[in-house]
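Structure record follows, encoded as structure tokens.
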Amino acid sequence: MKVRAVYALILLLAALPWFIGSRYIFHIATMITIMIPLVLGMHLMVRIGQLSLAHPAFWGLGAYASALLTMRLGMPPLLSLLVGAAVPSLVALAVGPIFLRIKGVFFVLLTFAFGEIVDLIFQEWTGLFGGNSGLYGIPKFSILGLRLTQIPHYYVLGLIAAILVYLLMRAIERSDVGAILESLNEDEMLSRSMGANALAWRVAAFVVSAFAAGISGGIYAFYIGFLSPDPFGFQTIVDLIVMVTVGGAGSVLGPVLGAIVTVPLPELLRDAREYQLMIYGVCLIGFMKFAKQGLISFIVDKRRGA
Amino acid sequence: MTAPLLVVDSLTRRFGGLVAASDVSFTVAPGEIFGIIGPNGAGKTTLFNVIAGHYRPTAGRVSFEGKDISGHAADEVGRRGIARTFQAVHIFKNETVRANLHRAAVLARRHNPLTWLSRRPHATPDLEGTAAFLGLDMLLDNVAGSLAYGLQKTVGVGLAMMVGPKLMLMDEPAAGLNPSEKIAAAALIRRLRDERGISVLLVEHDMPLVMGICDRILVLNQGMPIALGTPADVKSDKSVIDAYLGEDYEFA
Ligand SMILES: Nc1ncnc2c1ncn2[C@@H]1O[C@H](COP(=O)(O)OP(=O)(O)O)[C@@H](O)[C@H]1O
Ligand SMILES: [Mg+2]
């Protein structure tokens, strides 16, 4: 019942920009929808017990790949969005078998280093990525001859993607695949003794989660129309961790709530920019001390999920 | 004579300077209940972990159904038909008994993300039938972690059964059970063999249980095999009595 109330509240919030009608509100709402697939990708890894700091880099890879596929190869935007999201997936498939043998803090450090390297490549390979001065002239998104020129158009695109990725993650969680991933996380020795190839399943989760991040990246690229390496670095790592912690990792709905609550924060705190990290810190400590399971724990009991 | 199911050939496992298992050889025949006994630290669990693929052997070989499986990963060994139960209870404590058994079957059938590509799916036993076999049919919807300790161990046996094994490695299945539960555990091991055709390799401290149900027994002491034979042979073996059982040990 409470979960339904949350769905209703989210729907209401999602409709809010049309009632207010402000471009600025539409922009914030669009950014929320763009962050949702990304944070859900990160969340899938958290669910298998691996905190991946590579996801901002996957986000960036999806963004640059989608933009370049349309700009350089003239691919239709919808196709470059999907093919572009497959790029971080393929990278995850390539590095996953090495990274995912490693657990705990070393995995965190390794994925952090990986993200820094990718970000460095975005900065230094100016011929392809435009370096720090950026990649300009990304065409507008279009689908079935429909060109998306207004912010609300991108908001609708973002909403559709966020909903699809949310449904995908929820379907995974509720399926046998979800049971397998949870089993491996709970008791790897037991699960392996029953025949499960732990590494292969972890790589599969990594690939799917990188695809979700890539979708976010592609929509971001077409929406903003300009890319620089800036957003794909450390700040986004902090943002994502805050989203997962505040929303709660125990259910797929948690990170969605986290994104809804967290993305508008920098805008609300615009006059207090320098305090932003501090406020994040206080939020994190507060949640870890008083609500370890995040906002979602106030709504659903943590075992059943939403 | 039929070909042995499991062959352990001159197996050695060292941890640094410590030889936890030294030149151990034995075979398990199809349909056999084979016991391994020895004092604490004798290397029994180590031997299990090497056979099950959790540790690599330092030297020697393990083969199963005529194929070399030495050094194979734990999941590969599992897929070949060797299941195991653990000395400590390993089950999914937050899930119901039904979900536990379901998970075991799913983990075995969909052992990697691409199994849907393979034409012949791995067959696993019927869940309700397995639960009934174990006497867990009335408890299917109970959360596994809330059951009594003995029942949790039974759920562990259920998990091993659900993967459809030919051989089950059982590490101290009766440890921590009360006397009547021990009798039930012994009966269950027999029924695994008699009714389900599962051969059993058993490590157990409870002497009456081991002597009562095993066809043959291997005795280890400080990693070294000191005797191998039927319960009667082992009971009367001089070196076994000296090293392990003690002069005043009373066999049941
Ligand atoms: N992973 C390990 N690393 C180092 N030593 C180990 C390890 N596992 C077991 N041992 C040592 O090997 C010996 C045999 O242990 P174990 O196989 O657990 O004996 P048992 O099960 O017969 O009681 C012990 O001395 C133990 O300390
Ligand atoms: Mg032991």
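Simple scheme: letters A, B, ... for chains in structure tokens order, numbers from 1 for residues in each chain, numbers from 1 for ligands in the order shown.
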(request) Determine, counting only C-alpha atoms, which protein, DNA and RNA residues have an atom within 9 Å of an atom of range 75-87 of chain B; residues of the same chain fewer than 4 positions away are not included. Present the result as a PyMOL selection string. (result) (chain A and resi 190-198) or (chain B and resi 45+48+51-53+64+69+108+111+153+156-157+159-161+163-173+175)
Would you export the selected residues with C-alpha atoms as an mmCIF file, in the first residue's frame, please?
```cif
data_model
loop_
_atom_site.group_PDB
_atom_site.id
_atom_site.type_symbol
_atom_site.label_atom_id
_atom_site.label_comp_id
_atom_site.auth_asym_id
_atom_site.auth_seq_id
_atom_site.Cartn_x
_atom_site.Cartn_y
_atom_site.Cartn_z
ATOM 1 C CA LEU A 190 27.779 -22.294 -1.312
ATOM 2 C CA SER A 191 26.541 -20.940 -4.642
ATOM 3 C CA ARG A 192 29.664 -22.048 -6.468
ATOM 4 C CA SER A 193 29.493 -25.519 -4.951
ATOM 5 C CA MET A 194 26.090 -25.848 -6.631
ATOM 6 C CA GLY A 195 27.639 -25.094 -9.997
ATOM 7 C CA ALA A 196 27.219 -21.346 -10.457
ATOM 8 C CA ASN A 197 30.004 -19.600 -12.319
ATOM 9 C CA ALA A 198 30.349 -16.584 -10.031
ATOM 10 C CA THR B 45 38.349 -30.619 5.623
ATOM 11 C CA PHE B 48 37.320 -32.061 0.980
ATOM 12 C CA ILE B 51 38.354 -32.501 -4.050
ATOM 13 C CA ALA B 52 35.608 -29.866 -4.268
ATOM 14 C CA GLY B 53 37.901 -27.443 -6.060
ATOM 15 C CA PHE B 64 35.625 -38.358 -11.176
ATOM 16 C CA ILE B 69 39.237 -32.947 -12.223
ATOM 17 C CA ALA B 108 22.662 -25.548 -11.044
ATOM 18 C CA HIS B 111 25.150 -21.893 -13.940
ATOM 19 C CA LYS B 153 21.517 -28.746 8.404
ATOM 20 C CA GLY B 156 21.794 -27.814 3.591
ATOM 21 C CA VAL B 157 21.433 -31.438 2.458
ATOM 22 C CA LEU B 159 20.445 -27.716 -1.368
ATOM 23 C CA ALA B 160 23.043 -30.334 -2.264
ATOM 24 C CA MET B 161 20.314 -32.733 -3.464
ATOM 25 C CA VAL B 163 21.634 -29.940 -8.001
ATOM 26 C CA GLY B 164 21.163 -33.629 -8.820
ATOM 27 C CA PRO B 165 24.575 -34.971 -7.729
ATOM 28 C CA LYS B 166 26.082 -38.429 -8.140
ATOM 29 C CA LEU B 167 28.400 -37.949 -5.186
ATOM 30 C CA MET B 168 27.803 -35.914 -2.058
ATOM 31 C CA LEU B 169 30.666 -34.745 0.132
ATOM 32 C CA MET B 170 29.365 -34.291 3.672
ATOM 33 C CA ASP B 171 31.566 -32.501 6.200
ATOM 34 C CA GLU B 172 30.512 -33.494 9.728
ATOM 35 C CA PRO B 173 26.761 -33.747 9.069
ATOM 36 C CA ALA B 175 28.126 -32.278 14.464
#
```
(message) Please extract the residues of range 193-300 of chain A with a backbone DSSP assignment of helix (DSSP H, G or I) and present them as a ChimeraX atom specification.
(response) /A:193,198-224,230-232,234-247,253-262,265-268,270-290,295-298
(request) Determine which residues of range 35-180 of chain A receive a DSSP assignment of strand (DSSP E or B), computed from the backbone, and state them as a PyMOL selection string. (result) chain A and resi 135+142-143+146-147
(request) Taking only C-alpha atoms and all ligand atoms into account, report as a VMD selection string which residues have an atom no farther than 9 Å from an atom of ligand 1. (result) chain B and resid 13 to 16 18 to 21 36 to 49 55 87 171 203 220 to 223
How about saving the chosen residues, C-alpha atoms kept, as a PDB file, in the first residue's frame?
```pdb
ATOM      1  CA  ARG B  13      48.271 -30.259  -0.081  1.00  0.00           C
ATOM      2  CA  ARG B  14      50.728 -27.996   1.690  1.00  0.00           C
ATOM      3  CA  PHE B  15      50.091 -24.668   3.381  1.00  0.00           C
ATOM      4  CA  GLY B  16      53.541 -23.105   3.496  1.00  0.00           C
ATOM      5  CA  LEU B  18      52.580 -27.392   6.872  1.00  0.00           C
ATOM      6  CA  VAL B  19      51.565 -30.559   5.050  1.00  0.00           C
ATOM      7  CA  ALA B  20      47.811 -30.643   5.651  1.00  0.00           C
ATOM      8  CA  ALA B  21      47.290 -33.718   3.465  1.00  0.00           C
ATOM      9  CA  ILE B  36      37.115 -40.261   6.517  1.00  0.00           C
ATOM     10  CA  ILE B  37      38.000 -39.995  10.188  1.00  0.00           C
ATOM     11  CA  GLY B  38      40.899 -38.557  12.127  1.00  0.00           C
ATOM     12  CA  PRO B  39      41.573 -36.196  15.025  1.00  0.00           C
ATOM     13  CA  ASN B  40      41.105 -32.443  14.695  1.00  0.00           C
ATOM     14  CA  GLY B  41      43.605 -30.938  12.288  1.00  0.00           C
ATOM     15  CA  ALA B  42      44.166 -34.269  10.546  1.00  0.00           C
ATOM     16  CA  GLY B  43      43.434 -32.707   7.174  1.00  0.00           C
ATOM     17  CA  LYS B  44      39.888 -33.953   6.530  1.00  0.00           C
ATOM     18  CA  THR B  45      38.349 -30.619   5.623  1.00  0.00           C
ATOM     19  CA  THR B  46      41.420 -29.764   3.554  1.00  0.00           C
ATOM     20  CA  LEU B  47      40.967 -32.970   1.607  1.00  0.00           C
ATOM     21  CA  PHE B  48      37.320 -32.061   0.980  1.00  0.00           C
ATOM     22  CA  ASN B  49      38.261 -28.591  -0.150  1.00  0.00           C
ATOM     23  CA  TYR B  55      41.932 -25.467  -3.068  1.00  0.00           C
ATOM     24  CA  GLN B  87      30.867 -28.258   8.408  1.00  0.00           C
ATOM     25  CA  ASP B 171      31.566 -32.501   6.200  1.00  0.00           C
ATOM     26  CA  VAL B 203      33.776 -36.785   7.266  1.00  0.00           C
ATOM     27  CA  LEU B 220      44.051 -39.786   8.665  1.00  0.00           C
ATOM     28  CA  ASN B 221      46.549 -38.596  11.223  1.00  0.00           C
ATOM     29  CA  GLN B 222      48.446 -35.336  10.768  1.00  0.00           C
ATOM     30  CA  GLY B 223      47.681 -35.366   7.076  1.00  0.00           C
TER      31      GLY B 223
END
```
(request) Using only C-alpha atoms, find the one residue out of A:Phe226, A:Phe19, A:Trp201, A:Phe234 that sits nearest to chain B. (result) A:Trp201
(request) Specify as a PyMOL selection string all residues of chain A found within 12 Å of chain B, counting only C-alpha atoms. (result) chain A and resi 175-205+207-208+302-304
(message) Between CA of Arg101 in chain A and CA of Arg174 in chain A, what is the distance in Å, rounded to a tenth?
(response)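 Separation of CA of Arg101 in chain A and CA of Arg174 in chain A: 25.6 Å.
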Find the spatial neighbours of Cys214 in chain B, counting only C-alpha atoms, within a cut-off of 7 Å - ignore same-chain residues fewer than 2 positions away - and output them as a compact mmCIF listing (two decimals) with all heavy atoms, in the first residue's frame.
```
# COMPACT_ATOMS: atom_id res chain seq x y z
N ILE B 33 29.20 -45.70 0.66
CA ILE B 33 29.31 -44.65 1.67
C ILE B 33 30.70 -44.78 2.26
O ILE B 33 31.02 -45.79 2.88
CB ILE B 33 28.23 -44.78 2.76
CG1 ILE B 33 26.83 -44.63 2.13
CG2 ILE B 33 28.43 -43.70 3.83
CD1 ILE B 33 25.69 -44.82 3.12
N PHE B 34 31.53 -43.79 1.99
CA PHE B 34 32.95 -43.87 2.34
C PHE B 34 33.24 -42.83 3.42
O PHE B 34 32.91 -41.65 3.25
CB PHE B 34 33.79 -43.61 1.10
CG PHE B 34 35.26 -43.87 1.28
CD1 PHE B 34 35.83 -45.05 0.85
CD2 PHE B 34 36.08 -42.91 1.90
CE1 PHE B 34 37.20 -45.30 1.02
CE2 PHE B 34 37.44 -43.15 2.08
CZ PHE B 34 37.99 -44.35 1.63
N GLY B 35 33.83 -43.24 4.52
CA GLY B 35 34.08 -42.33 5.63
C GLY B 35 35.54 -41.93 5.74
O GLY B 35 36.43 -42.70 5.42
N VAL B 210 29.74 -43.27 12.11
CA VAL B 210 30.65 -43.62 11.02
C VAL B 210 30.75 -45.14 10.89
O VAL B 210 30.62 -45.70 9.79
CB VAL B 210 32.05 -43.01 11.26
CG1 VAL B 210 33.02 -43.50 10.20
CG2 VAL B 210 31.96 -41.50 11.23
N MET B 211 30.97 -45.79 12.02
CA MET B 211 31.14 -47.25 12.00
C MET B 211 29.85 -47.92 11.54
O MET B 211 29.87 -48.97 10.91
CB MET B 211 31.51 -47.76 13.40
CG MET B 211 32.84 -47.22 13.90
SD MET B 211 34.21 -47.86 12.91
CE MET B 211 35.58 -46.92 13.57
N GLY B 212 28.72 -47.29 11.88
CA GLY B 212 27.44 -47.91 11.55
C GLY B 212 27.04 -47.82 10.09
O GLY B 212 26.37 -48.72 9.58
N ARG B 216 33.41 -48.38 3.83
CA ARG B 216 34.85 -48.37 4.10
C ARG B 216 35.22 -47.05 4.75
O ARG B 216 34.52 -46.04 4.61
CB ARG B 216 35.64 -48.55 2.80
CG ARG B 216 35.57 -49.99 2.27
CD ARG B 216 36.48 -50.15 1.09
NE ARG B 216 36.16 -49.20 0.05
CZ ARG B 216 37.06 -48.69 -0.80
NH1 ARG B 216 38.34 -49.05 -0.70
NH2 ARG B 216 36.71 -47.83 -1.72
N ILE B 217 36.37 -47.07 5.41
CA ILE B 217 36.81 -45.90 6.17
C ILE B 217 38.30 -45.68 5.93
O ILE B 217 39.08 -46.63 5.89
CB ILE B 217 36.55 -46.10 7.68
CG1 ILE B 217 35.04 -46.18 7.95
CG2 ILE B 217 37.17 -44.97 8.51
CD1 ILE B 217 34.71 -46.61 9.35
```
(message) At a cut-off of 10 Å, using only C-alpha atoms, what residues contact Tyr166 in chain A? Leave out same-chain residues fewer than 5 positions from it and give the result as a list in words.
(response)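 Contacts, in chain order: Ile36, Pro37, Leu40, Gly41, Ile160, Ala161, Ala171, Ile172, Ala212, Val252, Leu253, Pro255 and Val256 of chain A.
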Could you save the residues just selected, with N, CA, C and O atoms, as a CSV table (one decimal), in the first residue's frame?
```csv
chain,number,residue,atom,x,y,z
A,36,ILE,N,18.8,8.7,-13.5
A,36,ILE,CA,18.2,7.4,-13.0
A,36,ILE,C,18.8,6.1,-13.6
A,36,ILE,O,19.2,5.3,-12.9
A,37,PRO,N,18.9,6.0,-14.9
A,37,PRO,CA,19.5,4.8,-15.4
A,37,PRO,C,20.9,4.6,-14.9
A,37,PRO,O,21.4,3.5,-14.6
A,40,LEU,N,20.8,3.5,-11.3
A,40,LEU,CA,20.3,2.1,-11.3
A,40,LEU,C,21.4,1.1,-11.7
A,40,LEU,O,21.5,0.0,-11.2
A,41,GLY,N,22.2,1.6,-12.7
A,41,GLY,CA,23.4,0.7,-13.1
A,41,GLY,C,24.3,0.5,-12.0
A,41,GLY,O,24.7,-0.6,-11.6
A,160,ILE,N,11.0,8.2,-20.5
A,160,ILE,CA,10.8,6.9,-21.1
A,160,ILE,C,12.0,6.0,-20.8
A,160,ILE,O,11.8,4.8,-20.4
A,161,ALA,N,13.2,6.5,-21.0
A,161,ALA,CA,14.4,5.7,-20.7
A,161,ALA,C,14.4,5.3,-19.2
A,161,ALA,O,14.7,4.1,-18.9
A,171,ALA,N,12.7,-6.2,-13.1
A,171,ALA,CA,12.5,-7.6,-13.7
A,171,ALA,C,13.6,-8.5,-13.4
A,171,ALA,O,13.5,-9.6,-13.0
A,172,ILE,N,14.8,-7.9,-13.5
A,172,ILE,CA,16.0,-8.7,-13.1
A,172,ILE,C,16.0,-9.1,-11.7
A,172,ILE,O,16.2,-10.3,-11.3
A,212,ALA,N,23.2,0.5,-18.9
A,212,ALA,CA,22.3,1.5,-18.3
A,212,ALA,C,23.0,2.8,-18.2
A,212,ALA,O,22.4,3.9,-18.6
A,252,VAL,N,15.1,-1.5,-5.8
A,252,VAL,CA,15.3,-0.8,-7.0
A,252,VAL,C,14.7,0.6,-6.9
A,252,VAL,O,15.2,1.5,-7.6
A,253,LEU,N,13.7,0.7,-6.1
A,253,LEU,CA,13.0,2.1,-6.0
A,253,LEU,C,13.9,3.0,-5.2
A,253,LEU,O,13.8,4.3,-5.4
A,255,PRO,N,17.3,3.9,-5.2
A,255,PRO,CA,18.1,4.8,-6.0
A,255,PRO,C,17.3,5.8,-6.8
A,255,PRO,O,17.8,7.0,-7.0
A,256,VAL,N,16.1,5.4,-7.2
A,256,VAL,CA,15.2,6.4,-8.0
A,256,VAL,C,14.9,7.5,-7.0
A,256,VAL,O,15.0,8.7,-7.4
```
(request) Rank nothing, just name the residue among A:Tyr223, A:Phe232, A:Trp18, A:Tyr155 nearest to Phe112 in chain A, using only C-alpha atoms. (result)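 Of all the options, A:Phe232 lies closest to Phe112 in chain A.
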(message) As an exercise, work out the distance from CA of Asp206 in chain B to CA of Glu65 in chain B in Å and give it to one decimal place.
(response)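 Distance reported for this atom pair: 29.4 Å.
In this comparison, which uses only C-alpha atoms, the residue of B:Glu128, B:Asp141, B:Glu181, B:Asp215 approaching Thr154 in chain B most closely is B:Glu181.
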(request) Show which residues sit within 8 Å of range 258-265 of chain A, as a VMD selection string. Count only C-alpha atoms, and ignore same-chain residues fewer than 2 positions away. (result) chain A and resid 28 31 to 32 35 to 36 39 239 242 to 248 254 to 256 267 to 269 295
Write the selection just made, keeping all heavy atoms, as a short mmCIF file (atom, residue, chain, number, x, y, z; two decimals), in the first residue's frame?
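This is the output file again.cif:
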```cif
data_model
loop_
_atom_site.label_atom_id
_atom_site.label_comp_id
_atom_site.auth_asym_id
_atom_site.auth_seq_id
_atom_site.Cartn_x
_atom_site.Cartn_y
_atom_site.Cartn_z
N ILE A 28 15.73 20.65 -14.59
CA ILE A 28 16.07 19.84 -13.42
C ILE A 28 15.42 18.46 -13.51
O ILE A 28 16.05 17.44 -13.27
CB ILE A 28 15.66 20.56 -12.11
CG1 ILE A 28 16.53 21.81 -11.94
CG2 ILE A 28 15.80 19.63 -10.91
CD1 ILE A 28 16.13 22.65 -10.75
N MET A 31 17.29 16.34 -15.91
CA MET A 31 18.54 15.83 -15.32
C MET A 31 18.27 14.67 -14.36
O MET A 31 19.04 13.72 -14.29
CB MET A 31 19.31 16.96 -14.60
CG MET A 31 19.98 17.95 -15.53
SD MET A 31 20.96 17.19 -16.87
CE MET A 31 22.23 16.36 -15.91
N ILE A 32 17.15 14.76 -13.64
CA ILE A 32 16.79 13.64 -12.74
C ILE A 32 16.58 12.37 -13.57
O ILE A 32 17.14 11.32 -13.27
CB ILE A 32 15.52 13.97 -11.93
CG1 ILE A 32 15.81 15.08 -10.92
CG2 ILE A 32 15.02 12.71 -11.19
CD1 ILE A 32 14.59 15.56 -10.15
N MET A 35 19.81 10.91 -14.73
CA MET A 35 20.63 10.24 -13.70
C MET A 35 20.06 8.88 -13.29
O MET A 35 20.79 8.04 -12.76
CB MET A 35 20.75 11.13 -12.45
CG MET A 35 21.53 12.41 -12.65
SD MET A 35 23.08 12.19 -13.55
CE MET A 35 24.16 11.67 -12.22
N ILE A 36 18.77 8.66 -13.51
CA ILE A 36 18.15 7.43 -12.99
C ILE A 36 18.76 6.15 -13.61
O ILE A 36 19.18 5.26 -12.85
CB ILE A 36 16.61 7.49 -13.12
CG1 ILE A 36 16.08 8.45 -12.04
CG2 ILE A 36 15.98 6.10 -12.94
CD1 ILE A 36 14.60 8.74 -12.14
N VAL A 39 22.28 5.73 -12.04
CA VAL A 39 22.34 5.31 -10.64
C VAL A 39 21.79 3.88 -10.48
O VAL A 39 22.25 3.12 -9.63
CB VAL A 39 21.63 6.32 -9.71
CG1 VAL A 39 20.13 6.26 -9.84
CG2 VAL A 39 22.06 6.10 -8.25
N ASP A 239 28.25 12.10 -6.22
CA ASP A 239 26.80 12.24 -6.40
C ASP A 239 26.10 10.88 -6.37
O ASP A 239 25.07 10.71 -5.73
CB ASP A 239 26.49 12.92 -7.74
CG ASP A 239 26.94 14.38 -7.76
OD1 ASP A 239 27.27 14.90 -6.67
OD2 ASP A 239 26.96 14.99 -8.84
N VAL A 242 25.99 9.30 -2.97
CA VAL A 242 24.97 9.98 -2.16
C VAL A 242 23.57 9.50 -2.55
O VAL A 242 22.75 9.17 -1.70
CB VAL A 242 25.09 11.52 -2.30
CG1 VAL A 242 23.92 12.22 -1.61
CG2 VAL A 242 26.40 12.00 -1.70
N MET A 243 23.32 9.40 -3.86
CA MET A 243 21.99 8.95 -4.31
C MET A 243 21.65 7.56 -3.80
O MET A 243 20.55 7.33 -3.31
CB MET A 243 21.94 8.91 -5.84
CG MET A 243 21.78 10.27 -6.47
SD MET A 243 21.76 10.10 -8.28
CE MET A 243 22.69 11.56 -8.70
N VAL A 244 22.60 6.63 -3.92
CA VAL A 244 22.33 5.26 -3.50
C VAL A 244 22.15 5.21 -1.98
O VAL A 244 21.25 4.53 -1.48
CB VAL A 244 23.46 4.29 -3.95
CG1 VAL A 244 23.25 2.91 -3.35
CG2 VAL A 244 23.51 4.20 -5.46
N THR A 245 22.98 5.96 -1.26
CA THR A 245 22.90 5.92 0.20
C THR A 245 21.62 6.57 0.71
O THR A 245 20.92 6.02 1.57
CB THR A 245 24.11 6.64 0.83
OG1 THR A 245 25.29 6.18 0.19
CG2 THR A 245 24.19 6.38 2.31
N VAL A 246 21.31 7.74 0.17
CA VAL A 246 20.12 8.47 0.63
C VAL A 246 18.86 7.70 0.25
O VAL A 246 17.93 7.55 1.04
CB VAL A 246 20.11 9.89 0.04
CG1 VAL A 246 18.76 10.55 0.25
CG2 VAL A 246 21.21 10.73 0.68
N GLY A 247 18.81 7.18 -0.98
CA GLY A 247 17.62 6.47 -1.43
C GLY A 247 17.51 5.11 -0.79
O GLY A 247 16.44 4.66 -0.43
N GLY A 248 18.64 4.42 -0.65
CA GLY A 248 18.65 3.08 -0.07
C GLY A 248 18.91 2.04 -1.13
O GLY A 248 18.31 2.04 -2.20
N GLY A 254 14.78 2.51 -4.37
CA GLY A 254 15.63 3.36 -3.52
C GLY A 254 16.45 4.37 -4.31
O GLY A 254 16.33 5.58 -4.08
N PRO A 255 17.29 3.89 -5.24
CA PRO A 255 18.12 4.84 -5.99
C PRO A 255 17.31 5.84 -6.81
O PRO A 255 17.75 6.97 -7.03
CB PRO A 255 18.95 3.95 -6.92
CG PRO A 255 18.73 2.56 -6.49
CD PRO A 255 17.59 2.50 -5.55
N VAL A 256 16.10 5.44 -7.23
CA VAL A 256 15.24 6.37 -7.97
C VAL A 256 14.86 7.53 -7.05
O VAL A 256 14.98 8.70 -7.41
CB VAL A 256 13.97 5.65 -8.50
CG1 VAL A 256 13.01 6.65 -9.12
CG2 VAL A 256 14.36 4.56 -9.49
N GLU A 267 21.13 22.76 -7.25
CA GLU A 267 20.38 23.93 -7.71
C GLU A 267 19.84 24.71 -6.52
O GLU A 267 19.94 25.92 -6.47
CB GLU A 267 19.22 23.50 -8.61
CG GLU A 267 19.62 22.57 -9.75
CD GLU A 267 20.57 23.24 -10.74
OE1 GLU A 267 20.57 24.48 -10.81
OE2 GLU A 267 21.31 22.51 -11.43
N LEU A 268 19.30 23.99 -5.57
CA LEU A 268 18.76 24.65 -4.37
C LEU A 268 19.87 25.30 -3.57
O LEU A 268 19.66 26.30 -2.89
CB LEU A 268 18.01 23.63 -3.50
CG LEU A 268 16.80 22.96 -4.14
CD1 LEU A 268 16.23 21.89 -3.23
CD2 LEU A 268 15.74 24.00 -4.47
N LEU A 269 21.07 24.69 -3.64
CA LEU A 269 22.17 25.19 -2.82
C LEU A 269 23.09 26.11 -3.62
O LEU A 269 24.23 26.32 -3.26
CB LEU A 269 23.00 24.00 -2.30
CG LEU A 269 22.25 22.96 -1.47
CD1 LEU A 269 23.18 21.81 -1.14
CD2 LEU A 269 21.70 23.59 -0.21
N LEU A 295 16.06 6.15 2.43
CA LEU A 295 14.66 6.59 2.46
C LEU A 295 13.69 5.43 2.25
O LEU A 295 12.64 5.38 2.85
CB LEU A 295 14.43 7.62 1.34
CG LEU A 295 15.03 9.00 1.54
CD1 LEU A 295 14.82 9.85 0.29
CD2 LEU A 295 14.37 9.68 2.75
#
```
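Compared by their closest atoms to ligand 2, and using only C-alpha atoms and all ligand atoms, the residues B:Ile213, B:Leu202, B:Ala243, B:Val28 rank with B:Leu202 nearest.
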(message) Quick one: residues within 7 Å of Met224 in chain B, only C-alpha atoms, excluding same-chain residues fewer than 5 positions away - as a VMD selection string?
(response) chain B and resid 21 to 24
